[in-house]
Amino acid sequence: MALAQDVDTQEGVASFYSDRFQGATTASGEAFDQQALTAAHPSLPFGSKVLVTRPDTGQEVEVLINDRGPFVKGRIIDLSKRAARQLGIVRRGTAPVMLTLIN
């Protein structure tokens, strides 16, 4: 499910990258960094900024889209570990989120 041009929010499940992807080349050509505030999305343009909010806790983080994914049914965004930590989902692995396109 992609964000339509006239809709700037999307709801679904967020997950985060495994540590084994540290240093791997992302779809945008950058090296993946678990400590950067970045994420993978199936269709948003690289360089898009997205506010990721957990409706259940109110926690939020702003991330830069620099990769494609996630490739697991039902998930809408894959976060770096730093972004996942700010949302409090490192222990649980996934969480329901709302994405708001900033630019």
# chains A, B, ... in the order shown; residues from 1 in each chain; ligands from 1

$ residues_around --residues "Arg54 in chain A" --least-positions-apart "4" --cutoff "10 Å" --atoms "only C-alpha atoms" --output "list in words"
Glu11, Val13, Ala14, Gly58, Gln59, Glu60, Val61, Leu87, Gly88, Ile89, Ala95, Pro96, Val97, Met98 and Leu99 of chain A

$ residues_around --residues "Gly12 in chain A" --least-positions-apart "6" --cutoff "12 Å" --atoms "only C-alpha atoms" --output "ChimeraX atom specification"
/A:1-3,41,52-55,70,72-78,94-100

$ atom_distance --atom1 "CA of Leu37 in chain A" --atom2 "CA of Val50 in chain A"
10.4 Å

$ select_by_dssp --residues "chain A" --states "alpha helix (DSSP H)" --output "list in words"
Lys81, Arg82, Ala83, Ala84, Arg85, Gln86 and Leu87 of chain A

$ write_last_selection --atoms "all heavy atoms" --output "PDB file, in the first residue's frame"
ATOM      1  N   LYS A  81      17.822   0.849  13.813  1.00  0.00           N
ATOM      2  CA  LYS A  81      17.681   0.509  15.232  1.00  0.00           C
ATOM      3  C   LYS A  81      17.548   1.768  16.084  1.00  0.00           C
ATOM      4  O   LYS A  81      16.794   1.793  17.048  1.00  0.00           O
ATOM      5  CB  LYS A  81      18.855  -0.334  15.703  1.00  0.00           C
ATOM      6  CG  LYS A  81      18.610  -0.882  17.119  1.00  0.00           C
ATOM      7  CD  LYS A  81      19.662  -1.849  17.551  1.00  0.00           C
ATOM      8  CE  LYS A  81      19.239  -3.255  17.206  1.00  0.00           C
ATOM      9  NZ  LYS A  81      20.212  -4.251  17.667  1.00  0.00           N
ATOM     10  N   ARG A  82      18.266   2.848  15.723  1.00  0.00           N
ATOM     11  CA  ARG A  82      18.160   4.089  16.491  1.00  0.00           C
ATOM     12  C   ARG A  82      16.725   4.629  16.455  1.00  0.00           C
ATOM     13  O   ARG A  82      16.176   5.036  17.478  1.00  0.00           O
ATOM     14  CB  ARG A  82      19.126   5.138  15.949  1.00  0.00           C
ATOM     15  CG  ARG A  82      19.072   6.441  16.722  1.00  0.00           C
ATOM     16  CD  ARG A  82      20.113   7.424  16.227  1.00  0.00           C
ATOM     17  NE  ARG A  82      19.929   8.720  16.859  1.00  0.00           N
ATOM     18  CZ  ARG A  82      20.434   9.837  16.394  1.00  0.00           C
ATOM     19  NH1 ARG A  82      21.187   9.822  15.297  1.00  0.00           N
ATOM     20  NH2 ARG A  82      20.224  10.978  17.007  1.00  0.00           N
ATOM     21  N   ALA A  83      16.098   4.611  15.273  1.00  0.00           N
ATOM     22  CA  ALA A  83      14.713   5.076  15.151  1.00  0.00           C
ATOM     23  C   ALA A  83      13.774   4.150  15.930  1.00  0.00           C
ATOM     24  O   ALA A  83      12.861   4.626  16.616  1.00  0.00           O
ATOM     25  CB  ALA A  83      14.306   5.148  13.678  1.00  0.00           C
ATOM     26  N   ALA A  84      13.998   2.840  15.833  1.00  0.00           N
ATOM     27  CA  ALA A  84      13.162   1.874  16.559  1.00  0.00           C
ATOM     28  C   ALA A  84      13.290   2.082  18.067  1.00  0.00           C
ATOM     29  O   ALA A  84      12.311   1.988  18.806  1.00  0.00           O
ATOM     30  CB  ALA A  84      13.561   0.450  16.184  1.00  0.00           C
ATOM     31  N   ARG A  85      14.499   2.387  18.525  1.00  0.00           N
ATOM     32  CA  ARG A  85      14.728   2.630  19.953  1.00  0.00           C
ATOM     33  C   ARG A  85      13.923   3.841  20.414  1.00  0.00           C
ATOM     34  O   ARG A  85      13.318   3.830  21.483  1.00  0.00           O
ATOM     35  CB  ARG A  85      16.223   2.832  20.212  1.00  0.00           C
ATOM     36  CG  ARG A  85      16.596   2.745  21.682  1.00  0.00           C
ATOM     37  CD  ARG A  85      18.106   2.804  21.900  1.00  0.00           C
ATOM     38  NE  ARG A  85      18.785   1.645  21.344  1.00  0.00           N
ATOM     39  CZ  ARG A  85      19.695   1.685  20.359  1.00  0.00           C
ATOM     40  NH1 ARG A  85      20.057   2.819  19.818  1.00  0.00           N
ATOM     41  NH2 ARG A  85      20.259   0.578  19.930  1.00  0.00           N
ATOM     42  N   GLN A  86      13.905   4.904  19.584  1.00  0.00           N
ATOM     43  CA  GLN A  86      13.155   6.110  19.957  1.00  0.00           C
ATOM     44  C   GLN A  86      11.651   5.842  20.029  1.00  0.00           C
ATOM     45  O   GLN A  86      10.929   6.535  20.734  1.00  0.00           O
ATOM     46  CB  GLN A  86      13.457   7.254  18.994  1.00  0.00           C
ATOM     47  CG  GLN A  86      14.852   7.817  19.204  1.00  0.00           C
ATOM     48  CD  GLN A  86      15.080   9.131  18.489  1.00  0.00           C
ATOM     49  OE1 GLN A  86      14.160   9.850  18.154  1.00  0.00           O
ATOM     50  NE2 GLN A  86      16.343   9.448  18.270  1.00  0.00           N
ATOM     51  N   LEU A  87      11.192   4.825  19.292  1.00  0.00           N
ATOM     52  CA  LEU A  87       9.776   4.458  19.331  1.00  0.00           C
ATOM     53  C   LEU A  87       9.493   3.383  20.377  1.00  0.00           C
ATOM     54  O   LEU A  87       8.338   2.998  20.571  1.00  0.00           O
ATOM     55  CB  LEU A  87       9.307   3.967  17.956  1.00  0.00           C
ATOM     56  CG  LEU A  87       9.207   5.005  16.861  1.00  0.00           C
ATOM     57  CD1 LEU A  87       8.809   4.347  15.557  1.00  0.00           C
ATOM     58  CD2 LEU A  87       8.218   6.101  17.227  1.00  0.00           C
TER      59      LEU A  87
END

$ residues_around --residues "Ala31 in chain A" --least-positions-apart "5" --cutoff "12 Å" --atoms "only C-alpha atoms" --output "PyMOL selection string"
chain A and resi 21-26+36+38+66-67

$ write_last_selection --atoms "N, CA, C and O atoms" --output "PDB file, in the first residue's frame"
ATOM      1  N   PHE A  21      22.533  -6.145   8.722  1.00  0.00           N
ATOM      2  CA  PHE A  21      22.519  -5.238   7.577  1.00  0.00           C
ATOM      3  C   PHE A  21      23.423  -4.018   7.764  1.00  0.00           C
ATOM      4  O   PHE A  21      23.567  -3.209   6.852  1.00  0.00           O
ATOM      5  N   GLN A  22      24.041  -3.885   8.940  1.00  0.00           N
ATOM      6  CA  GLN A  22      24.936  -2.751   9.191  1.00  0.00           C
ATOM      7  C   GLN A  22      26.015  -2.700   8.112  1.00  0.00           C
ATOM      8  O   GLN A  22      26.688  -3.693   7.852  1.00  0.00           O
ATOM      9  N   GLY A  23      26.128  -1.533   7.449  1.00  0.00           N
ATOM     10  CA  GLY A  23      27.146  -1.350   6.420  1.00  0.00           C
ATOM     11  C   GLY A  23      26.732  -1.816   5.033  1.00  0.00           C
ATOM     12  O   GLY A  23      27.426  -1.542   4.058  1.00  0.00           O
ATOM     13  N   ALA A  24      25.610  -2.524   4.927  1.00  0.00           N
ATOM     14  CA  ALA A  24      25.145  -2.992   3.611  1.00  0.00           C
ATOM     15  C   ALA A  24      24.723  -1.801   2.761  1.00  0.00           C
ATOM     16  O   ALA A  24      24.353  -0.748   3.277  1.00  0.00           O
ATOM     17  N   THR A  25      24.769  -1.958   1.455  1.00  0.00           N
ATOM     18  CA  THR A  25      24.358  -0.882   0.556  1.00  0.00           C
ATOM     19  C   THR A  25      22.832  -0.858   0.453  1.00  0.00           C
ATOM     20  O   THR A  25      22.214  -1.879   0.166  1.00  0.00           O
ATOM     21  N   THR A  26      22.248   0.305   0.703  1.00  0.00           N
ATOM     22  CA  THR A  26      20.797   0.459   0.594  1.00  0.00           C
ATOM     23  C   THR A  26      20.410   0.631  -0.871  1.00  0.00           C
ATOM     24  O   THR A  26      21.268   0.849  -1.732  1.00  0.00           O
ATOM     25  N   ALA A  36      21.830   5.909  12.257  1.00  0.00           N
ATOM     26  CA  ALA A  36      21.208   7.024  11.530  1.00  0.00           C
ATOM     27  C   ALA A  36      19.692   6.913  11.678  1.00  0.00           C
ATOM     28  O   ALA A  36      19.159   5.840  11.940  1.00  0.00           O
ATOM     29  N   THR A  38      17.074   6.595   9.695  1.00  0.00           N
ATOM     30  CA  THR A  38      16.666   6.277   8.325  1.00  0.00           C
ATOM     31  C   THR A  38      15.669   5.125   8.336  1.00  0.00           C
ATOM     32  O   THR A  38      15.471   4.468   9.360  1.00  0.00           O
ATOM     33  N   ASN A  66      15.699   5.984   2.723  1.00  0.00           N
ATOM     34  CA  ASN A  66      16.875   5.755   1.876  1.00  0.00           C
ATOM     35  C   ASN A  66      16.984   4.307   1.392  1.00  0.00           C
ATOM     36  O   ASN A  66      18.007   3.892   0.865  1.00  0.00           O
ATOM     37  N   ASP A  67      15.895   3.539   1.562  1.00  0.00           N
ATOM     38  CA  ASP A  67      15.946   2.137   1.146  1.00  0.00           C
ATOM     39  C   ASP A  67      14.535   1.658   0.793  1.00  0.00           C
ATOM     40  O   ASP A  67      13.554   2.348   1.067  1.00  0.00           O
TER      41      ASP A  67
END

$ select_by_dssp --residues "chain A" --states "strand (DSSP E or B)" --output "number ranges by chain"
A: 9-16, 25, 31, 38-40, 49-53, 60-67, 75-79, 95-101
